[in-house]
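All remarks here apply to the structure that follows.
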Amino acid sequence: MASTSHSAFSHDGQFLAVCGTDGKLKIFETATSRLKQEFVPNLHLSSPCSILGWIVVGTHATTAASPWKKRRKKSINEDKEDKEIIAMGSTNGNVTLYDISTSSINDQLENGHNSSITALTWCPHTGLFTAAEDKQIVQWNLQEKSVKCKWKSGKGKVTSLVVLPKGKSLLSGERIIKWWDLETKQVIGTFTGHANQVNTLCCAKVTNETSYLFSSGSGDDYLSVWSLNEVKKDKVPVATLILPDEAVAFSVASMKDSQIHILAVTRSGHAQFFKYQPNGTSPKPLKPTLNILIASDAGQKESVQQIPILQAELIEDSKILLAYGSFSALTIEKIVPDFSDKVQCLVRTDIRKQKDKKDEVVMKTKSAETEDENVVYIAPGASEAGPSLSTKRSKSGTGSQLPLKIRLENLSMNEESTPNKAAPKGENLAQLLIQGLHSGDKALLSTVLYVKKESVIKNTVAKLPVQAIVPLIKELTTMLEGKTVAATIAVVWLKALLLSHTASIIAQPNIGEILAPILSFIDAKQQLLMPMMKLKGRVELIAGQIEEREEKQEKDITEECLLVYEDQDSSDENVELGKVELDSESDDNWEETSDQEKMQEDLENGKSEDDASICSSDS
């Protein structure tokens, strides 16, 4: 029966706040079990809610009055009103404050943690405290919406916090429980006894000097009771309260006779009621005085089914608030515990079963009884005596029937045959857009407005009330002045807005001032249109020429031909070859013959000279 939702009753018991995994914050009225408000924070996808609690904030003026205006100051204090606000810790380390009186986000506390918030508590004397996975404890200043002080919690992750009734000390639960002095931020005591992580801490004040702490751990089937009268280390619990299963939530209340009442809700969906009388250390574990469970009507099903209890709270006059069923079909009831027996079984009608039964009745259809052989199909608008669309069906079912196309047209399932039929309603984000415009949350507005699907934009604009038109135009004006992507999406929104709400826009008294930025923006863009078109044409021309030149350089002529054949001329080859051979051989032969002839002439001349010299010597 465990639930991943976070829930808590308000301090006055009038409301129950629930935030589930879908990111929706639901506020139920306990007197009527009616869903009073439903809010979708913008962090439901990126930073969902990790912890939830109620705080009280004063709405009176905080400025000090001068001494001669004491009567005025008194009147201000008399008019003081406190309102309850829901504090939601998220996984990104921020705390969101939701005001149920205005149905909007009151403020957001930032720059305190850099990781998921794991514990939250509030005290009217000291204010709001949070702890996170970054192993830091932060005390917030709700007046200035800032961090008042911050200190390291230790080596373990804190999963539960509680401030003592006097407001001078704080208790934090890890695997051990640490007792902090809020003035010095030092540990003044520790309590051990839980083998697992401590998930819930509650304090009960018996007298001005006596207080007790109640704790539960993850996977533990018991509650531990600690005495806060004396500060001791490694102190054992003074009492142990036995449970049939792990406690998912519990509430404590001090009575006039120094008795403490404890109401614990187990994971199995039961409520265990304890009456604890402080009287020193109790060696034996204490059993519950009363076990409260809820069963469904026996008439709904053959076997009796249990309806799980999700949340319980002790209120005034010794009464109990029980929230049972499921968070989608929740019932809240105020009961008086009956101690005449150890088990109090409440028989109630399960709303979930009733809902399923109603849906089943609606879905049931009764087939027409046609005992006659002749069955006539009549088209819409045609009389029974009219011609044409009537056919007979034989007993065997093999006779002639109307074509399937005509039957679908008669049933208005064919869009072509019903041109005047309204377009089907698709998904829209109207609720998120209205919340974002109302709260001014930029993150939520960016999530909704940056939708690129035109059909969703048209359906969203069609669902908007008249009061949201002017704020939407202002947001779209800001988008037009931004980047190209934002301006493009803003144009689609403006087009859909003008098509759907032209009459409402014209009826606005200051329509000229509202549309003046958009008109000036359009005029400025039109002046830049012609130079941009010229520049675009020149750039495209140059780019085309460069591309064509690159293609010509890379292009191979042979790629265009399937076959290339080159025919060589034989005569040209012979001439060239003969010429080369003739030139080479004739040049060499001519040089050799010329040298030989010259040498022969020299020899002949030499011989004649020698002969002449010989003849002269002989003579």
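FYI, nothing fancy with the structure tokens labels: chains A, B, ... in order, residues from 1 per chain, ligands from 1 as they appear.
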
Requested in this report: Can you pull out every residue within 12 Å of Leu498 (chain A), counting only C-alpha atoms, but drop anything in the same chain fewer than 5 positions away, and send it as a PyMOL selection string?
Outcome: chain A and resi 458+461-462+469-470+472-473+491-493+503-506+515

Go ahead and write the residues just picked, C-alpha atoms, as an mmCIF file, in the first residue's frame.
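What landed in result24.cif:
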```
data_model
loop_
_atom_site.group_PDB
_atom_site.id
_atom_site.type_symbol
_atom_site.label_atom_id
_atom_site.label_comp_id
_atom_site.auth_asym_id
_atom_site.auth_seq_id
_atom_site.Cartn_x
_atom_site.Cartn_y
_atom_site.Cartn_z
ATOM 1 C CA LYS A 458 -4.224 26.463 -32.151
ATOM 2 C CA VAL A 461 -5.177 29.554 -27.996
ATOM 3 C CA ALA A 462 -8.789 28.525 -28.593
ATOM 4 C CA ILE A 469 -4.952 37.586 -24.185
ATOM 5 C CA VAL A 470 -3.133 40.800 -23.226
ATOM 6 C CA LEU A 472 0.089 36.548 -23.797
ATOM 7 C CA ILE A 473 0.641 39.328 -26.351
ATOM 8 C CA VAL A 491 4.742 34.409 -35.153
ATOM 9 C CA VAL A 492 2.802 31.126 -35.121
ATOM 10 C CA TRP A 493 1.275 32.000 -31.742
ATOM 11 C CA ALA A 503 -12.882 40.558 -31.726
ATOM 12 C CA SER A 504 -11.552 40.456 -28.170
ATOM 13 C CA ILE A 505 -8.287 42.092 -29.196
ATOM 14 C CA ILE A 506 -10.053 44.923 -31.030
ATOM 15 C CA LEU A 515 0.347 46.275 -30.489
#
```

Can you pull out the residues contacting Phe521 (chain A)? Cut-off 10 Å, using only C-alpha atoms, and skip same-chain residues under 5 positions away; I want them as an mmCIF file with all heavy atoms, in the first residue's frame.
```cif
data_model
loop_
_atom_site.group_PDB
_atom_site.id
_atom_site.type_symbol
_atom_site.label_atom_id
_atom_site.label_comp_id
_atom_site.auth_asym_id
_atom_site.auth_seq_id
_atom_site.Cartn_x
_atom_site.Cartn_y
_atom_site.Cartn_z
ATOM 1 N N THR A 477 5.568 39.459 -27.537
ATOM 2 C CA THR A 477 6.384 40.610 -27.948
ATOM 3 C C THR A 477 7.825 40.442 -27.493
ATOM 4 O O THR A 477 8.768 40.732 -28.236
ATOM 5 C CB THR A 477 5.785 41.901 -27.369
ATOM 6 O OG1 THR A 477 4.421 42.012 -27.786
ATOM 7 C CG2 THR A 477 6.561 43.111 -27.848
ATOM 8 N N LEU A 480 9.470 37.971 -29.789
ATOM 9 C CA LEU A 480 9.806 38.530 -31.109
ATOM 10 C C LEU A 480 11.104 39.311 -31.081
ATOM 11 O O LEU A 480 11.820 39.375 -32.083
ATOM 12 C CB LEU A 480 8.663 39.440 -31.584
ATOM 13 C CG LEU A 480 7.405 38.751 -32.101
ATOM 14 C CD1 LEU A 480 6.315 39.771 -32.363
ATOM 15 C CD2 LEU A 480 7.699 37.968 -33.374
ATOM 16 N N GLU A 481 11.412 39.907 -29.958
ATOM 17 C CA GLU A 481 12.645 40.685 -29.842
ATOM 18 C C GLU A 481 13.855 39.819 -29.540
ATOM 19 O O GLU A 481 14.965 40.325 -29.419
ATOM 20 C CB GLU A 481 12.482 41.728 -28.735
ATOM 21 C CG GLU A 481 11.385 42.754 -29.041
ATOM 22 C CD GLU A 481 11.119 43.668 -27.868
ATOM 23 O OE1 GLU A 481 11.703 43.406 -26.789
ATOM 24 O OE2 GLU A 481 10.341 44.615 -28.013
ATOM 25 N N LEU A 515 -0.198 46.770 -29.223
ATOM 26 C CA LEU A 515 0.347 46.275 -30.489
ATOM 27 C C LEU A 515 1.421 47.169 -31.074
ATOM 28 O O LEU A 515 1.991 46.827 -32.119
ATOM 29 C CB LEU A 515 -0.793 46.122 -31.507
ATOM 30 C CG LEU A 515 -1.884 45.106 -31.154
ATOM 31 C CD1 LEU A 515 -2.933 45.071 -32.245
ATOM 32 C CD2 LEU A 515 -1.303 43.717 -30.943
ATOM 33 N N ALA A 516 1.703 48.320 -30.460
ATOM 34 C CA ALA A 516 2.710 49.233 -31.012
ATOM 35 C C ALA A 516 4.092 48.591 -31.122
ATOM 36 O O ALA A 516 4.748 48.711 -32.171
ATOM 37 C CB ALA A 516 2.769 50.507 -30.163
ATOM 38 N N GLN A 526 10.587 44.854 -42.299
ATOM 39 C CA GLN A 526 10.281 45.098 -43.709
ATOM 40 C C GLN A 526 11.329 45.991 -44.362
ATOM 41 O O GLN A 526 11.642 45.833 -45.540
ATOM 42 C CB GLN A 526 8.899 45.735 -43.826
ATOM 43 C CG GLN A 526 7.750 44.760 -43.591
ATOM 44 C CD GLN A 526 6.397 45.417 -43.745
ATOM 45 O OE1 GLN A 526 6.294 46.641 -43.772
ATOM 46 N NE2 GLN A 526 5.357 44.607 -43.832
#
```

Residue neighbourhood His11 (chain A), 10 Å, only C-alpha atoms, exclusion window fewer than 4 positions, as a short mmCIF file (atom, residue, chain, number, x, y, z; two decimals) with N, CA, C and O atoms, in the first residue's frame:
```cif
data_model
loop_
_atom_site.label_atom_id
_atom_site.label_comp_id
_atom_site.auth_asym_id
_atom_site.auth_seq_id
_atom_site.Cartn_x
_atom_site.Cartn_y
_atom_site.Cartn_z
N PHE A 15 -7.27 21.39 5.33
CA PHE A 15 -6.86 21.01 3.98
C PHE A 15 -5.85 19.86 4.05
O PHE A 15 -5.15 19.69 5.05
N LEU A 16 -5.81 19.11 2.96
CA LEU A 16 -4.81 18.07 2.76
C LEU A 16 -4.12 18.34 1.43
O LEU A 16 -4.78 18.42 0.38
N GLY A 53 5.44 20.27 2.99
CA GLY A 53 5.04 20.63 4.35
C GLY A 53 4.27 21.94 4.35
O GLY A 53 4.23 22.67 3.35
N TRP A 54 3.67 22.24 5.50
CA TRP A 54 2.88 23.47 5.67
C TRP A 54 3.62 24.43 6.58
O TRP A 54 4.22 24.01 7.59
N ILE A 55 3.57 25.72 6.24
CA ILE A 55 4.12 26.76 7.09
C ILE A 55 3.07 27.85 7.24
O ILE A 55 2.11 27.91 6.46
N VAL A 56 3.24 28.70 8.24
CA VAL A 56 2.32 29.81 8.50
C VAL A 56 3.09 31.10 8.33
O VAL A 56 4.17 31.28 8.92
N GLU A 84 -1.85 29.99 5.88
CA GLU A 84 -1.04 28.79 5.70
C GLU A 84 -0.60 28.66 4.25
O GLU A 84 -1.38 28.86 3.32
N GLU A 313 -4.40 12.03 10.95
CA GLU A 313 -3.95 13.15 11.77
C GLU A 313 -4.82 13.24 13.02
O GLU A 313 -6.06 13.08 12.96
N ILE A 315 -6.57 15.45 15.76
CA ILE A 315 -7.05 16.82 15.85
C ILE A 315 -7.67 17.04 17.22
O ILE A 315 -7.60 16.18 18.10
#
```

Query raised in the report: Just asking: which residues within region 74-303 of chain A are alpha helix (DSSP H) according to DSSP, as a VMD selection string?
Result: chain A and resid 74 to 78

Writing out the chosen residues with N, CA, C and O atoms as a PDB file, in the first residue's frame:
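Final output, saved to again-v7.pdb:
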```pdb
ATOM      1  N   LYS A  74      -1.298  49.492  17.297  1.00  0.00           N
ATOM      2  CA  LYS A  74      -2.179  48.519  17.918  1.00  0.00           C
ATOM      3  C   LYS A  74      -3.244  48.049  16.949  1.00  0.00           C
ATOM      4  O   LYS A  74      -3.588  46.873  16.886  1.00  0.00           O
ATOM      5  N   SER A  75      -3.750  48.998  16.164  1.00  0.00           N
ATOM      6  CA  SER A  75      -4.779  48.608  15.200  1.00  0.00           C
ATOM      7  C   SER A  75      -4.217  47.681  14.141  1.00  0.00           C
ATOM      8  O   SER A  75      -4.896  46.762  13.681  1.00  0.00           O
ATOM      9  N   ILE A  76      -2.983  47.891  13.750  1.00  0.00           N
ATOM     10  CA  ILE A  76      -2.363  47.009  12.757  1.00  0.00           C
ATOM     11  C   ILE A  76      -2.221  45.613  13.325  1.00  0.00           C
ATOM     12  O   ILE A  76      -2.506  44.605  12.665  1.00  0.00           O
ATOM     13  N   ASN A  77      -1.781  45.502  14.574  1.00  0.00           N
ATOM     14  CA  ASN A  77      -1.631  44.192  15.182  1.00  0.00           C
ATOM     15  C   ASN A  77      -2.967  43.489  15.356  1.00  0.00           C
ATOM     16  O   ASN A  77      -3.051  42.274  15.286  1.00  0.00           O
ATOM     17  N   GLU A  78      -3.999  44.266  15.604  1.00  0.00           N
ATOM     18  CA  GLU A  78      -5.311  43.657  15.744  1.00  0.00           C
ATOM     19  C   GLU A  78      -5.797  43.074  14.430  1.00  0.00           C
ATOM     20  O   GLU A  78      -6.514  42.084  14.392  1.00  0.00           O
TER      21      GLU A  78
END
```

Query raised in the report: Which neighbours of region 213-229 of chain A fall inside 10 Å, counting only C-alpha atoms, when residues of the same chain fewer than 5 positions from it are skipped, and could you give them as a ChimeraX atom specification?
Result: /A:160,162,164,171,173-175,177,179,189,191-205,235-252,262,264,266-267,276,278,280-282,285-287

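Here CA of Asp350 (chain A) and CA of Gly23 (chain A) stand 25.3 Å from one another.
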
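For the atom pair formed by CA of Ala119 (chain A) and CA of Val187 (chain A), the distance is 18.2 Å, given to one decimal.
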
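Pairwise distance (CA of Gln259 (chain A), CA of Lys342 (chain A)) equals 19.0 Å.
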
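Comparing the minimum interatomic distances between Ala486 (chain A) and each of A:Met599, A:Val451, A:Ile457, A:Ile546, counting only C-alpha atoms, we find that A:Val451 sits nearest.
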
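Using only C-alpha atoms for every distance, the candidate list A:Asn459, A:Ser103, A:Thr184, A:Gln14 yields A:Asn459 as the residue closest to Leu499 (chain A).
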
Report task. Identify, on the basis of only C-alpha atoms, every residue whose closest approach to Lys463 (chain A) does not exceed 12 Å; exclude the query and any residue fewer than 4 positions from it along the same chain; express the result as a list in words. Result -> Lys425, Gly426, Glu427, Asn428, Leu429, Ala430, Gln431, Leu432, Leu433, Ile434, Val456, Ile457, Lys458, Asn459, Gln467, Ala468, Ile469, Ala496, Leu497, Ser500 and His501 of chain A

Could you write out that same residue set with C-alpha atoms as a compact mmCIF listing (two decimals), in the first residue's frame?
```txt
# COMPACT_ATOMS: atom_id res chain seq x y z
CA LYS A 425 -10.08 18.65 -30.26
CA GLY A 426 -6.45 17.72 -29.74
CA GLU A 427 -4.09 18.24 -26.93
CA ASN A 428 -3.72 21.74 -25.48
CA LEU A 429 -1.63 23.46 -22.85
CA ALA A 430 -4.18 26.10 -21.87
CA GLN A 431 -4.09 25.35 -18.15
CA LEU A 432 -0.31 25.51 -17.93
CA LEU A 433 -0.24 28.72 -20.00
CA ILE A 434 -2.84 30.41 -17.79
CA VAL A 456 -1.36 22.19 -30.25
CA ILE A 457 -0.84 25.96 -30.47
CA LYS A 458 -4.22 26.46 -32.15
CA ASN A 459 -6.07 24.33 -29.59
CA GLN A 467 -8.23 37.86 -19.51
CA ALA A 468 -5.16 35.96 -20.72
CA ILE A 469 -4.95 37.59 -24.19
CA ALA A 496 -3.39 31.64 -34.07
CA LEU A 497 -4.27 34.36 -31.55
CA SER A 500 -9.28 33.03 -32.73
CA HIS A 501 -9.60 36.24 -30.69
```
